[in-house]
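Structure first, then comments.
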Amino acid sequence: MIKRRFFPLLLAPLALTALALKPAAPPADANLSKIKLPAGFTISYFAQGVKSARELAVGPDGTVYVGTKDDKVFALPDRNKDGRADEVVTIATGLNSPNGVAVRNGALYVAEINRILRYDNIAQRLKQKPRPAVVYDKLPNKDWHGYRYIAFGPDGKLYVPVGAPCNSCLPEQPIYATINRLNPDGTGLETFAYGVRNTVGFDWSPQDKTLWFTDNGRDMLGDNLPADELNRAPKPGMHFGFPYYFAGDVPDPEFGKGKSAATYAKPARKLGPHVAALGMKFYTGKKFPAQYRNQLFIPEHGSWNRTTKLGYRISLVRLDATGKQAQSYETFAEGWLQGKQAWGRPVCLLVLPDGSLLVSDDQNDAVYRISYKG
């Protein structure tokens with residue numbers, strides 16, 4: 001009887017002490033609970049610990065490749081197709097801000113600031129630190145707006161932008177403030193679009209194969225000028241205004257003098273001022289409800305020089321039935337900004353073969369997966 005009475009009295013303080021010494025672990029997805037999505041949508045981590053995650057691309061076997069603004073390129077295999085990467089594999093290190101990634105014929109193309117590399121047969125060589133072939137090495141080496149976003153167009157050519165080397169200026173080389181394209185072997189470089197200050201995201205319409213791209217407006221004109229741009233380029237050779245006009249109707253205080261806004265292509269849609277619209281994608285999957293299909297999703301990295309922060313979200317631009325006219329601009333996902341503090345910054349999107357939407361985040365070092373449950 002003595003033991004039966006004493007035993008629980010002895011253990012109780014020990015158990016309480018153990019609990020006091022071991023703090024309760026926070027929920028694994030505490031931040032994700034702050035993200036607001038339309039009804040029926042859910043968000044989860046596809047991968048964590050992906051430092052400075054930027055552009056995303058997917059291979060034929062479903063492996064996701066991640067460029068960064070750091071010095072590494074990662075692979076995220078999901079072999080069991082459970083919607084979460086099995087591991088984070090470092091493919092390459094020591095690169096010059098390898099922001100851009102694209103896949104073609106089993107090869108991974110990686111865009112550093114100054115050159116484009118190619119890793120052949122990459123899916124079979126993930127952990128071998130393969131040596132790349134140099135595809136093109138004559139890109140400018142300036143850091144300002146130097147992150148390269150790359151993608152293969154419907155014409156089979158690799159598109160690569162070269163941002164302006166300044167806030168606003170007359171660039172000393174004609175390749176600045178352009179979108180260019182070249183053959184997969186690095187030959188035949190030509191300029192496709194001019195007057196593009198800084199695009200870090202573009203995609204082609206699934207309806208008519210026209211190039212659409214985001215462009216970031218200049219800084220230091222106040223909180224609300226100019227708007228970021230969503231542009232449509234149905235033909236090569238168009239000029240989108242930099243450095244003379246921004247958002248179609250805002251003249252540069254210095255370089256806009258004597259210029260006419262009518263000379264330059266108007267944006268298909270004005271976006272929020274200084275939201276830093278980046279790696280946009282048309283939703284071409286079949287899992288989201290019909291009203292989202294063939295519509296444009298735009299990650300907004302977030303303003304850095306605005307009195308009240310704006311962006312830090314994913315926006316949705318709805319198009320008309322022809323896919324040629326932007327009709328509305330609304331928030332699809334938000335919550336990375338909490339008051340005046342941001343815990344994450346969306347960068348790039350990718351539609352997976354299963355119809356889910358991946359989102360990279362270079363502040364939270366993560367890749368999220370947005371899916372529709374209904």
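If you're wondering about the labels, chains in the structure tokens are A, B, ... by order shown, residues count from 1 in each chain, ligands from 1 in order shown.
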Practice item. Report the residues of stretch 182-280 of chain A whose backbone DSSP state falls under strand (DSSP E or B), written as a count of residues only. Key: 34
Which residues of stretch 58-78 of chain A have any atom within 10 Å of an atom in stretch 145-158 of chain A when counting only C-alpha atoms, and what is the closest pair of atoms for each, with the distance in Å to one decimal? Order the rows by chain and rising number and write it as a Markdown table.
| residue | atom | partner | partner_atom | distance |
| --- | --- | --- | --- | --- |
| A:Gly67 | CA | A:Tyr149 | CA | 9.3 |
| A:Thr68 | CA | A:Tyr147 | CA | 9.1 |
| A:Lys69 | CA | A:Tyr147 | CA | 7.3 |
**Study point:** Distance criterion (only C-alpha atoms): nearest to A:Ser371 out of A:Val64, A:Lys34, A:Gly285, A:Gly339
**Key:** A:Gly285
Practice item. Find the spatial neighbours of stretch 43-47 of chain A, counting only C-alpha atoms, within a cut-off of 12 Å - ignore same-chain residues fewer than 4 positions away - and output them as a PyMOL selection string. Key: chain A and resi 28-39+51+53+63-66+74-78+81-89+333-335+350+352+356-361+364-373
Exercise for review: Rank nothing, just name the residue among A:Asp223, A:Asp143, A:Asp228, A:Asp215 nearest to A:Gly201, using only C-alpha atoms.
Suggested key: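 Using only C-alpha atoms, A:Gly201 sits closest to A:Asp215.
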Exercise for review: Find the residues near A:Ala265: any atom within 8 Å, counting only C-alpha atoms, skip ones fewer than 3 places away on the same chain, and give them as a list in words.
Suggested key: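 In the requested format, the answer is Met238, His239, Phe240, Gly241, Gly248 and Ala262 of chain A.
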Could you save the residues just selected, with N, CA and C atoms, as a PDB file, in the first residue's frame?
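Output contents, as saved in out-v5.pdb:
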ATOM      1  N   MET A 238       9.189  44.472 -81.012  1.00  0.00           N
ATOM      2  CA  MET A 238       8.410  45.486 -80.295  1.00  0.00           C
ATOM      3  C   MET A 238       9.260  46.158 -79.219  1.00  0.00           C
ATOM      4  N   HIS A 239       8.958  47.435 -78.940  1.00  0.00           N
ATOM      5  CA  HIS A 239       9.667  48.200 -77.921  1.00  0.00           C
ATOM      6  C   HIS A 239       8.682  48.547 -76.808  1.00  0.00           C
ATOM      7  N   PHE A 240       9.044  48.225 -75.558  1.00  0.00           N
ATOM      8  CA  PHE A 240       8.123  48.364 -74.433  1.00  0.00           C
ATOM      9  C   PHE A 240       8.427  49.559 -73.533  1.00  0.00           C
ATOM     10  N   GLY A 241       9.266  50.496 -74.009  1.00  0.00           N
ATOM     11  CA  GLY A 241       9.337  51.797 -73.365  1.00  0.00           C
ATOM     12  C   GLY A 241      10.588  52.186 -72.627  1.00  0.00           C
ATOM     13  N   GLY A 248       3.352  52.414 -69.870  1.00  0.00           N
ATOM     14  CA  GLY A 248       2.610  52.957 -71.007  1.00  0.00           C
ATOM     15  C   GLY A 248       2.348  54.438 -70.964  1.00  0.00           C
ATOM     16  N   ALA A 262       3.025  57.101 -77.449  1.00  0.00           N
ATOM     17  CA  ALA A 262       2.432  56.328 -78.544  1.00  0.00           C
ATOM     18  C   ALA A 262       3.462  55.513 -79.311  1.00  0.00           C
TER      19      ALA A 262
END
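Take atom CA of A:Asp185 and atom CA of A:Gly237: the distance between them is 22.8 Å.
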For A:Leu278, list every protein, DNA or RNA residue within 7 Å, evaluated using only C-alpha atoms, and leave out those in the same chain fewer than 4 positions away; present the list as a short mmCIF file (atom, residue, chain, number, x, y, z; two decimals) with all heavy atoms, in the first residue's frame.
data_model
loop_
_atom_site.label_atom_id
_atom_site.label_comp_id
_atom_site.auth_asym_id
_atom_site.auth_seq_id
_atom_site.Cartn_x
_atom_site.Cartn_y
_atom_site.Cartn_z
N VAL A 200 11.84 38.97 -65.06
CA VAL A 200 12.32 37.74 -64.45
C VAL A 200 11.17 36.73 -64.46
O VAL A 200 10.96 35.98 -63.52
CB VAL A 200 12.84 37.99 -63.02
CG1 VAL A 200 13.71 36.81 -62.55
CG2 VAL A 200 13.67 39.26 -62.94
N GLY A 201 10.41 36.76 -65.56
CA GLY A 201 9.31 35.83 -65.70
C GLY A 201 8.56 36.01 -67.00
O GLY A 201 8.19 37.13 -67.35
N THR A 214 6.29 39.63 -67.46
CA THR A 214 6.21 40.68 -66.46
C THR A 214 7.42 41.59 -66.61
O THR A 214 8.48 41.18 -67.08
CB THR A 214 6.18 40.11 -65.04
OG1 THR A 214 7.33 39.27 -64.84
CG2 THR A 214 4.92 39.29 -64.80
N ILE A 298 0.66 35.15 -61.21
CA ILE A 298 1.87 35.98 -61.12
C ILE A 298 2.35 36.07 -59.68
O ILE A 298 1.66 36.63 -58.83
CB ILE A 298 1.61 37.40 -61.66
CG1 ILE A 298 1.09 37.35 -63.10
CG2 ILE A 298 2.88 38.24 -61.58
CD1 ILE A 298 0.69 38.71 -63.65
N PRO A 299 3.53 35.53 -59.37
CA PRO A 299 4.09 35.74 -58.03
C PRO A 299 4.65 37.15 -57.92
O PRO A 299 5.36 37.62 -58.82
CB PRO A 299 5.21 34.69 -57.94
CG PRO A 299 5.62 34.48 -59.36
CD PRO A 299 4.40 34.70 -60.21
N GLU A 300 4.32 37.83 -56.84
CA GLU A 300 4.81 39.18 -56.62
C GLU A 300 5.77 39.17 -55.43
O GLU A 300 5.35 38.97 -54.28
CB GLU A 300 3.63 40.14 -56.40
CG GLU A 300 2.74 40.22 -57.64
CD GLU A 300 1.54 41.14 -57.50
OE1 GLU A 300 1.28 41.61 -56.37
OE2 GLU A 300 0.87 41.37 -58.51
N HIS A 301 7.03 39.35 -55.73
CA HIS A 301 8.12 39.20 -54.77
C HIS A 301 8.03 40.21 -53.64
O HIS A 301 8.50 39.96 -52.52
CB HIS A 301 9.44 39.35 -55.53
CG HIS A 301 10.64 38.84 -54.81
ND1 HIS A 301 11.79 39.57 -54.64
CD2 HIS A 301 10.88 37.64 -54.22
CE1 HIS A 301 12.68 38.87 -54.00
NE2 HIS A 301 12.17 37.68 -53.73
N VAL A 347 8.57 33.77 -55.69
CA VAL A 347 9.44 34.12 -56.82
C VAL A 347 8.94 33.56 -58.14
O VAL A 347 8.75 34.28 -59.11
CB VAL A 347 10.88 33.62 -56.58
CG1 VAL A 347 11.77 33.95 -57.79
CG2 VAL A 347 11.47 34.21 -55.32
N CYS A 348 8.76 32.25 -58.19
CA CYS A 348 8.50 31.59 -59.48
C CYS A 348 7.45 30.50 -59.32
O CYS A 348 7.30 29.92 -58.25
CB CYS A 348 9.79 30.99 -60.02
SG CYS A 348 9.64 30.22 -61.64
#
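Between A:Leu189 and the candidates A:Val73, A:Trp144, A:Pro206, A:Asp137, the tightest atom-to-atom separation, counting only C-alpha atoms, involves A:Asp137.
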Check your understanding: Hey, what's within 6 Å of stretch 330-332 of chain A if we count only C-alpha atoms and toss same-chain stuff fewer than 6 positions away? As a PyMOL selection string, please?
Key -> chain A and resi 314-316
Point to revise | DSSP helix (DSSP H, G or I) selection over stretch 184-357 of chain A, as a PyMOL selection string | key: chain A and resi 261-263+290-292
Review point. Which residues come within 8 Å of A:Ala268, counting only C-alpha atoms, excluding same-chain residues fewer than 5 positions away, as a PyMOL selection string?
Key: chain A and resi 229-232+325-326
**Study point:** Closest of A:Gly323, A:Pro132, A:Gly344, A:Pro140 to A:Pro234 - atom-to-atom distances counting only C-alpha atoms
**Key:**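 Using only C-alpha atoms, A:Pro234 sits closest to A:Gly323.
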Point to revise | Of the listed residues A:Lys138, A:Lys281, A:Lys287, A:Arg306, that which approaches A:Ala57 most closely, counting only C-alpha atoms | key: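 For A:Ala57, the nearest of the given residues is A:Lys281.
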Practice item. Find the residue from A:Leu95, A:Gly100, A:Thr90, A:Asn105 that sits nearest to A:Leu126; use only C-alpha atoms when measuring. Key: A:Thr90
Exercise for review: Provide the atom CA of A:Ala177 to atom CA of A:Ala193 distance in Å, to one decimal place.
Suggested key: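 These two atoms are separated by 8.7 Å.
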